[in-house]
>>> print(open('input.json').read())   # JSON, C-alpha atoms
[["chain", "number", "residue", "atom", "x", "y", "z"],
["A", 1, "MET", "CA", 85.68, -35.81, -66.95],
["A", 2, "LYS", "CA", 85.09, -32.79, -64.75],
["A", 3, "ARG", "CA", 87.20, -32.69, -61.60],
["A", 4, "THR", "CA", 87.18, -30.30, -58.65],
["A", 5, "ALA", "CA", 89.80, -27.60, -58.22],
["A", 6, "ILE", "CA", 91.33, -29.57, -55.34],
["A", 7, "ASN", "CA", 91.32, -32.69, -57.56],
["A", 8, "ARG", "CA", 90.02, -35.19, -55.04],
["A", 9, "THR", "CA", 91.17, -38.53, -56.36],
["A", 10, "VAL", "CA", 90.62, -40.81, -53.36],
["A", 11, "VAL", "CA", 87.42, -41.98, -51.69],
["A", 12, "ILE", "CA", 87.63, -43.74, -48.32],
["A", 13, "PHE", "CA", 84.69, -45.78, -47.07],
["A", 14, "ASP", "CA", 83.66, -47.01, -43.67],
["A", 15, "PHE", "CA", 82.43, -50.61, -44.03],
["A", 16, "GLY", "CA", 79.61, -51.45, -41.59],
["A", 17, "GLY", "CA", 76.79, -48.95, -42.02],
["A", 18, "VAL", "CA", 78.11, -47.75, -45.39],
["A", 19, "VAL", "CA", 79.04, -50.67, -47.65],
["A", 20, "THR", "CA", 76.85, -52.96, -45.55],
["A", 21, "SER", "CA", 73.73, -52.22, -43.56],
["A", 22, "SER", "CA", 74.19, -50.67, -40.16],
["A", 23, "PRO", "CA", 74.80, -53.02, -37.24],
["A", 24, "PHE", "CA", 72.61, -50.66, -35.22],
["A", 25, "GLU", "CA", 69.59, -51.96, -37.15],
["A", 26, "ALA", "CA", 70.48, -55.50, -36.05],
["A", 27, "PHE", "CA", 71.06, -54.30, -32.49],
["A", 28, "ASN", "CA", 67.55, -52.80, -32.40],
["A", 29, "ARG", "CA", 66.06, -56.09, -33.61],
["A", 30, "LEU", "CA", 67.93, -57.98, -30.90],
["A", 31, "GLU", "CA", 66.77, -55.50, -28.27],
["A", 32, "ALA", "CA", 63.16, -55.96, -29.37],
["A", 33, "GLU", "CA", 63.50, -59.74, -29.23],
["A", 34, "LYS", "CA", 64.99, -59.56, -25.73],
["A", 35, "GLY", "CA", 62.56, -56.96, -24.39],
["A", 36, "LEU", "CA", 65.38, -54.47, -23.85],
["A", 37, "PRO", "CA", 65.14, -50.68, -24.21],
["A", 38, "ARG", "CA", 65.75, -49.44, -27.75],
["A", 39, "ASP", "CA", 69.40, -48.45, -28.33],
["A", 40, "PHE", "CA", 70.45, -50.16, -25.09],
["A", 41, "ILE", "CA", 73.48, -51.74, -26.83],
["A", 42, "ARG", "CA", 74.57, -48.41, -28.31],
["A", 43, "ARG", "CA", 74.36, -46.75, -24.90],
["A", 44, "ILE", "CA", 76.56, -49.43, -23.34],
["A", 45, "ASN", "CA", 79.10, -49.12, -26.16],
["A", 46, "ALA", "CA", 79.11, -45.32, -25.89],
["A", 47, "ALA", "CA", 79.61, -45.18, -22.12],
["A", 48, "ASP", "CA", 83.27, -44.72, -21.14],
["A", 49, "GLY", "CA", 83.81, -44.62, -24.90],
["A", 50, "ASP", "CA", 87.52, -45.39, -25.12],
["A", 51, "ASP", "CA", 87.83, -47.99, -22.37],
["A", 52, "ASN", "CA", 84.63, -50.03, -22.42],
["A", 53, "ALA", "CA", 84.51, -53.65, -23.55],
["A", 54, "TRP", "CA", 83.57, -52.74, -27.12],
["A", 55, "ALA", "CA", 86.41, -50.22, -27.53],
["A", 56, "ARG", "CA", 88.97, -52.65, -26.13],
["A", 57, "PHE", "CA", 87.69, -55.42, -28.40],
["A", 58, "GLU", "CA", 87.91, -53.17, -31.49],
["A", 59, "ARG", "CA", 91.58, -52.61, -30.66],
["A", 60, "ALA", "CA", 92.02, -56.38, -30.11],
["A", 61, "GLU", "CA", 93.10, -55.81, -26.52],
["A", 62, "ILE", "CA", 90.71, -58.57, -25.40],
["A", 63, "ASP", "CA", 89.43, -61.70, -27.15],
["A", 64, "ALA", "CA", 85.85, -62.77, -27.84],
["A", 65, "ALA", "CA", 85.51, -64.72, -24.58],
["A", 66, "ALA", "CA", 86.70, -61.78, -22.50],
["A", 67, "PHE", "CA", 84.39, -59.44, -24.42],
["A", 68, "ASP", "CA", 81.44, -61.75, -23.77],
["A", 69, "GLU", "CA", 82.03, -61.51, -20.02],
["A", 70, "ALA", "CA", 82.94, -57.82, -19.91],
["A", 71, "PHE", "CA", 79.95, -56.74, -21.97],
["A", 72, "ALA", "CA", 77.63, -58.85, -19.79],
["A", 73, "GLU", "CA", 78.96, -57.05, -16.72],
["A", 74, "GLU", "CA", 78.38, -53.65, -18.33],
["A", 75, "ALA", "CA", 74.83, -54.66, -19.32],
["A", 76, "ARG", "CA", 74.14, -55.93, -15.81],
["A", 77, "ALA", "CA", 75.34, -52.63, -14.37],
["A", 78, "GLN", "CA", 72.69, -50.95, -16.52],
["A", 79, "GLY", "CA", 70.00, -53.23, -15.10],
["A", 80, "HIS", "CA", 69.63, -55.83, -17.86],
["A", 81, "GLU", "CA", 71.03, -59.21, -18.84],
["A", 82, "LEU", "CA", 72.72, -59.49, -22.24],
["A", 83, "ARG", "CA", 75.81, -61.47, -23.18],
["A", 84, "GLY", "CA", 78.46, -60.07, -25.47],
["A", 85, "GLU", "CA", 78.23, -63.18, -27.65],
["A", 86, "GLU", "CA", 74.58, -62.38, -28.39],
["A", 87, "VAL", "CA", 75.64, -59.00, -29.76],
["A", 88, "LEU", "CA", 78.43, -60.49, -31.87],
["A", 89, "ALA", "CA", 76.03, -62.99, -33.40],
["A", 90, "VAL", "CA", 74.09, -60.22, -35.17],
["A", 91, "LEU", "CA", 77.01, -57.96, -36.03],
["A", 92, "ALA", "CA", 77.59, -58.64, -39.75],
["A", 93, "GLY", "CA", 75.35, -56.49, -41.96],
["A", 94, "ASP", "CA", 73.86, -57.05, -45.40],
["A", 95, "ILE", "CA", 75.78, -55.86, -48.46],
["A", 96, "ARG", "CA", 74.47, -52.72, -50.18],
["A", 97, "PRO", "CA", 74.81, -53.38, -53.93],
["A", 98, "ARG", "CA", 74.59, -49.69, -54.86],
["A", 99, "MET", "CA", 77.61, -48.86, -52.71],
["A", 100, "VAL", "CA", 79.55, -51.73, -54.26],
["A", 101, "ALA", "CA", 78.62, -50.48, -57.73],
["A", 102, "ALA", "CA", 79.90, -47.03, -56.76],
["A", 103, "ILE", "CA", 83.22, -48.50, -55.65],
["A", 104, "ASP", "CA", 83.48, -50.30, -58.99],
["A", 105, "TRP", "CA", 82.74, -47.08, -60.89],
["A", 106, "LEU", "CA", 85.41, -45.22, -58.96],
["A", 107, "LYS", "CA", 88.00, -47.92, -59.68],
["A", 108, "THR", "CA", 87.10, -48.06, -63.38],
["A", 109, "ASN", "CA", 87.40, -44.28, -63.68],
["A", 110, "GLY", "CA", 90.83, -43.90, -62.14],
["A", 111, "TYR", "CA", 90.04, -43.11, -58.51],
["A", 112, "ARG", "CA", 91.74, -44.85, -55.62],
["A", 113, "VAL", "CA", 89.53, -46.31, -52.91],
["A", 114, "GLY", "CA", 90.27, -47.14, -49.30],
["A", 115, "CYS", "CA", 88.42, -48.55, -46.32],
["A", 116, "ILE", "CA", 88.71, -47.70, -42.63],
["A", 117, "THR", "CA", 86.69, -50.04, -40.45],
["A", 118, "ASN", "CA", 86.30, -50.41, -36.73],
["A", 119, "ASN", "CA", 85.90, -54.15, -36.36],
["A", 120, "VAL", "CA", 86.56, -56.86, -33.80],
["A", 121, "PRO", "CA", 88.54, -60.12, -33.97],
["A", 122, "THR", "CA", 85.55, -62.43, -34.23],
["A", 123, "GLY", "CA", 83.73, -64.32, -36.96],
["A", 124, "LYS", "CA", 85.19, -64.86, -40.41],
["A", 125, "GLY", "CA", 87.24, -62.07, -41.98],
["A", 126, "ALA", "CA", 87.10, -58.29, -41.73],
["A", 127, "GLY", "CA", 83.32, -58.23, -42.02],
["A", 128, "MET", "CA", 82.96, -60.45, -38.93],
["A", 129, "ALA", "CA", 80.67, -62.83, -40.83],
["A", 130, "ARG", "CA", 79.24, -65.93, -39.17],
["A", 131, "THR", "CA", 78.99, -67.98, -42.39],
["A", 132, "ALA", "CA", 81.59, -68.88, -45.01],
["A", 133, "GLU", "CA", 79.27, -67.63, -47.75],
["A", 134, "LYS", "CA", 78.94, -64.14, -46.31],
["A", 135, "ALA", "CA", 82.64, -64.04, -45.48],
["A", 136, "ALA", "CA", 83.46, -64.81, -49.12],
["A", 137, "ALA", "CA", 81.11, -62.07, -50.33],
["A", 138, "VAL", "CA", 82.69, -59.53, -47.98],
["A", 139, "ALA", "CA", 86.21, -60.62, -48.97],
["A", 140, "ASP", "CA", 85.29, -60.06, -52.62],
["A", 141, "ILE", "CA", 84.29, -56.48, -51.83],
["A", 142, "LEU", "CA", 87.32, -55.76, -49.66],
["A", 143, "ALA", "CA", 89.59, -56.96, -52.47],
["A", 144, "ARG", "CA", 88.43, -53.95, -54.49],
["A", 145, "PHE", "CA", 90.01, -51.49, -52.07],
["A", 146, "ASP", "CA", 93.57, -50.27, -52.57],
["A", 147, "VAL", "CA", 94.02, -50.05, -48.80],
["A", 148, "VAL", "CA", 92.00, -51.56, -45.93],
["A", 149, "ILE", "CA", 92.64, -50.37, -42.37],
["A", 150, "GLU", "CA", 91.07, -52.56, -39.65],
["A", 151, "SER", "CA", 91.03, -51.30, -36.07],
["A", 152, "SER", "CA", 91.48, -54.82, -34.73],
["A", 153, "LYS", "CA", 94.72, -55.21, -36.72],
["A", 154, "VAL", "CA", 96.33, -51.80, -36.23],
["A", 155, "GLY", "CA", 95.25, -51.28, -32.60],
["A", 156, "ILE", "CA", 93.70, -47.88, -33.34],
["A", 157, "ARG", "CA", 90.00, -47.17, -33.67],
["A", 158, "LYS", "CA", 87.91, -44.34, -35.03],
["A", 159, "PRO", "CA", 87.53, -41.53, -34.08],
["A", 160, "ASP", "CA", 91.26, -41.43, -33.23],
["A", 161, "PRO", "CA", 92.77, -39.13, -35.92],
["A", 162, "ALA", "CA", 95.75, -41.48, -36.18],
["A", 163, "ILE", "CA", 93.71, -44.09, -38.05],
["A", 164, "TYR", "CA", 92.77, -41.59, -40.78],
["A", 165, "GLN", "CA", 96.37, -40.41, -41.02],
["A", 166, "LEU", "CA", 97.48, -44.02, -41.36],
["A", 167, "ALA", "CA", 95.07, -44.51, -44.26],
["A", 168, "CYS", "CA", 96.44, -41.44, -46.01],
["A", 169, "GLU", "CA", 100.00, -42.67, -45.52],
["A", 170, "LYS", "CA", 99.15, -46.09, -46.94],
["A", 171, "LEU", "CA", 97.36, -44.49, -49.90],
["A", 172, "GLY", "CA", 100.19, -41.99, -50.43],
["A", 173, "VAL", "CA", 97.93, -38.93, -50.46],
["A", 174, "ALA", "CA", 97.21, -35.80, -48.46],
["A", 175, "ALA", "CA", 93.97, -35.68, -46.52],
["A", 176, "ASP", "CA", 92.55, -32.88, -48.69],
["A", 177, "ALA", "CA", 92.65, -35.21, -51.70],
["A", 178, "CYS", "CA", 90.18, -37.54, -49.97],
["A", 179, "VAL", "CA", 86.45, -37.92, -49.54],
["A", 180, "TYR", "CA", 85.39, -39.94, -46.49],
["A", 181, "LEU", "CA", 82.05, -41.70, -45.93],
["A", 182, "ASP", "CA", 80.88, -42.92, -42.52],
["A", 183, "ASP", "CA", 77.49, -43.49, -40.92],
["A", 184, "LEU", "CA", 78.57, -41.91, -37.61],
["A", 185, "GLY", "CA", 79.05, -38.19, -37.19],
["A", 186, "ILE", "CA", 81.62, -38.74, -34.44],
["A", 187, "ASN", "CA", 83.79, -40.55, -37.00],
["A", 188, "CYS", "CA", 83.29, -37.90, -39.68],
["A", 189, "LYS", "CA", 84.53, -35.04, -37.49],
["A", 190, "PRO", "CA", 88.22, -36.06, -37.30],
["A", 191, "ALA", "CA", 88.28, -36.76, -41.03],
["A", 192, "ALA", "CA", 86.95, -33.28, -41.74],
["A", 193, "ALA", "CA", 89.40, -31.73, -39.28],
["A", 194, "LEU", "CA", 92.26, -33.31, -41.22],
["A", 195, "GLY", "CA", 90.99, -31.77, -44.47],
["A", 196, "MET", "CA", 88.89, -34.56, -45.97],
["A", 197, "VAL", "CA", 85.39, -33.97, -47.30],
["A", 198, "ALA", "CA", 83.42, -35.98, -44.77],
["A", 199, "ILE", "CA", 79.99, -37.34, -45.69],
["A", 200, "LYS", "CA", 77.66, -38.77, -43.06],
["A", 201, "VAL", "CA", 75.81, -41.71, -44.59],
["A", 202, "GLY", "CA", 72.15, -42.15, -43.77],
["A", 203, "ASP", "CA", 70.32, -42.47, -47.05],
["A", 204, "THR", "CA", 72.54, -44.20, -49.61],
["A", 205, "ALA", "CA", 71.35, -42.18, -52.61],
["A", 206, "LYS", "CA", 71.87, -38.87, -50.80],
["A", 207, "ALA", "CA", 75.36, -39.86, -49.67],
["A", 208, "LEU", "CA", 76.37, -40.92, -53.18],
["A", 209, "GLY", "CA", 75.05, -37.65, -54.56],
["A", 210, "GLU", "CA", 77.20, -35.73, -52.07],
["A", 211, "MET", "CA", 80.18, -37.90, -53.01],
["A", 212, "ALA", "CA", 79.64, -37.10, -56.69],
["A", 213, "ASP", "CA", 79.60, -33.39, -55.87],
["A", 214, "ALA", "CA", 82.79, -33.72, -53.85],
["A", 215, "ILE", "CA", 84.74, -35.37, -56.66],
["A", 216, "GLY", "CA", 83.17, -33.19, -59.34],
["A", 217, "VAL", "CA", 81.20, -35.67, -61.43],
["A", 218, "ALA", "CA", 77.53, -35.88, -62.38],
["A", 219, "ARG", "CA", 75.29, -37.34, -59.69],
["A", 220, "GLU", "CA", 73.69, -39.59, -62.30],
["A", 221, "VAL", "CA", 76.79, -41.80, -62.53],
["A", 222, "PHE", "CA", 75.97, -43.30, -59.14]]
>>> encode(input="input.json", output="structure tokens")
Amino acid sequence: MKRTAINRTVVIFDFGGVVTSSPFEAFNRLEAEKGLPRDFIRRINAADGDDNAWARFERAEIDAAAFDEAFAEEARAQGHELRGEEVLAVLAGDIRPRMVAAIDWLKTNGYRVGCITNNVPTGKGAGMARTAEKAAAVADILARFDVVIESSKVGIRKPDPAIYQLACEKLGVAADACVYLDDLGINCKPAAALGMVAIKVGDTAKALGEMADAIGVAREVF
């Protein structure tokens, strides 16, 4: 099998928006149902990015009840009514079978795989599922990874470089041996700065093609 000169042997995946559909799609549906401006939830979660309710919840500094209240206050300050619990109810995305198949191919062919996910301590399991069935499906996928780093467990969230460094330490590799996939450019930048090949995931097929190039295998395998 052809490998790159750097011999990238590790692929690290974001979870929501990469292995599962983006929560932003669900947020937009909720906004439409509530008559709210499009991307209203994203704007709230981006404002005061490291200290807002969402950021504190991803680091498990507050619980679900406190998030519900704090998010509602932030929404109200922006001129609309929306509870945090309503956002959490739509958070878990749908599994993308092609991404799961890619993870399986990597494992079968001797690559190590990791996951870095910003999540919150709500629902069932790391995927924040609201049903036991979905939680079991997510757990089955997460079991494939050699290392899973959850922001709500380690108290660090992307884009803090420390969370990428922690993943490398747990995997026992240097950053330049890794390819990193995330659906947010702000989360790709620190990975690239550390030496990883960072791939922003929009279209699944395009992202997998770029991943194949980065590890030096034929695009057709994915």
>>> closest_atom_pairs(input="input.json", of="region 65-170 of chain A", to="region 49-61 of chain A", cutoff="6 Å", atoms="all atoms listed in the file", output="CSV")
residue,atom,partner,partner_atom,distance
A:Phe67,CA,A:Ala53,CA,5.9
A:Ala70,CA,A:Ala53,CA,5.8
A:Phe71,CA,A:Ala53,CA,5.7
A:Asn119,CA,A:Glu58,CA,5.4
A:Val120,CA,A:Glu58,CA,4.6
A:Ser151,CA,A:Arg59,CA,5.6
A:Ser152,CA,A:Arg59,CA,4.6
A:Gly155,CA,A:Arg59,CA,4.4
A:Ile156,CA,A:Arg59,CA,5.8
>>> residues_around(input="input.json", residues="Ala65 (chain A)", least_positions_apart="3", cutoff="9 Å", atoms="only C-alpha atoms", output="ChimeraX atom specification")
/A:62,68-70,84-85
>>> atom_distance(input="input.json", atom1="CA of Asp104 (chain A)", atom2="CA of Tyr164 (chain A)")
22.2 Å
>>> residues_around(input="input.json", residues="region 197-204 of chain A", least_positions_apart="5", cutoff="6 Å", atoms="all atoms listed in the file", output="PDB file with C-alpha atoms, in the frame of the given file")
ATOM      1  CA  VAL A 179      86.450 -37.920 -49.540  1.00  0.00           C
ATOM      2  CA  TYR A 180      85.390 -39.940 -46.490  1.00  0.00           C
ATOM      3  CA  LEU A 181      82.050 -41.700 -45.930  1.00  0.00           C
ATOM      4  CA  ASP A 182      80.880 -42.920 -42.520  1.00  0.00           C
ATOM      5  CA  ASP A 183      77.490 -43.490 -40.920  1.00  0.00           C
ATOM      6  CA  CYS A 188      83.290 -37.900 -39.680  1.00  0.00           C
ATOM      7  CA  ALA A 192      86.950 -33.280 -41.740  1.00  0.00           C
TER       8      ALA A 192
END
>>> atom_distance(input="input.json", atom1="CA of Lys153 (chain A)", atom2="CA of Asn28 (chain A)")
27.6 Å
>>> residues_around(input="input.json", residues="Arg144 (chain A)", least_positions_apart="5", cutoff="10 Å", atoms="only C-alpha atoms", output="short mmCIF file (atom, residue, chain, number, x, y, z; two decimals) with C-alpha atoms, in the coordinates of the input")
data_model
loop_
_atom_site.label_atom_id
_atom_site.label_comp_id
_atom_site.auth_asym_id
_atom_site.auth_seq_id
_atom_site.Cartn_x
_atom_site.Cartn_y
_atom_site.Cartn_z
CA VAL A 100 79.55 -51.73 -54.26
CA ILE A 103 83.22 -48.50 -55.65
CA ASP A 104 83.48 -50.30 -58.99
CA LYS A 107 88.00 -47.92 -59.68
CA ARG A 112 91.74 -44.85 -55.62
CA VAL A 113 89.53 -46.31 -52.91
CA GLY A 114 90.27 -47.14 -49.30
CA CYS A 115 88.42 -48.55 -46.32
CA ALA A 139 86.21 -60.62 -48.97
#
>>> atom_distance(input="input.json", atom1="CA of Leu194 (chain A)", atom2="CA of Ala47 (chain A)")
25.8 Å
>>> residues_around(input="input.json", residues="Phe222 (chain A)", least_positions_apart="2", cutoff="10 Å", atoms="all atoms listed in the file", output="MDAnalysis selection string")
chainID A and resid 98:99 101:103 105:106 205 208:209 211:212 217:220
>>> residues_around(input="input.json", residues="Leu88 (chain A)", least_positions_apart="2", cutoff="10 Å", atoms="only C-alpha atoms", output="list in words")
Pro23, Phe27, Ala64, Phe67, Asp68, Arg83, Gly84, Glu85, Glu86, Val90, Leu91, Ala92, Val120, Thr122, Gly123, Met128, Ala129 and Arg130 of chain A
>>> closest_residue(input="input.json", among="A:Ile95, A:Val18, A:Ala72, A:His80", to="Lys134 (chain A)", atoms="all atoms listed in the file")
A:Ile95
>>> closest_residue(input="input.json", among="A:Met196, A:Asp63, A:Val87, A:Gly185", to="Ala167 (chain A)", atoms="all atoms listed in the file")
A:Met196
>>> residues_near_point(input="input.json", point="(87.1, -31.3, -52.6)", cutoff="9 Å", atoms="all atoms listed in the file", output="compact mmCIF listing (two decimals) with C-alpha atoms, in the frame of the given file")
# COMPACT_ATOMS: atom_id res chain seq x y z
CA THR A 4 87.18 -30.30 -58.65
CA ALA A 5 89.80 -27.60 -58.22
CA ILE A 6 91.33 -29.57 -55.34
CA ASN A 7 91.32 -32.69 -57.56
CA ARG A 8 90.02 -35.19 -55.04
CA ASP A 176 92.55 -32.88 -48.69
CA ALA A 177 92.65 -35.21 -51.70
CA CYS A 178 90.18 -37.54 -49.97
CA VAL A 179 86.45 -37.92 -49.54
CA MET A 196 88.89 -34.56 -45.97
CA VAL A 197 85.39 -33.97 -47.30
CA ASP A 213 79.60 -33.39 -55.87
CA ALA A 214 82.79 -33.72 -53.85
CA ILE A 215 84.74 -35.37 -56.66
CA GLY A 216 83.17 -33.19 -59.34
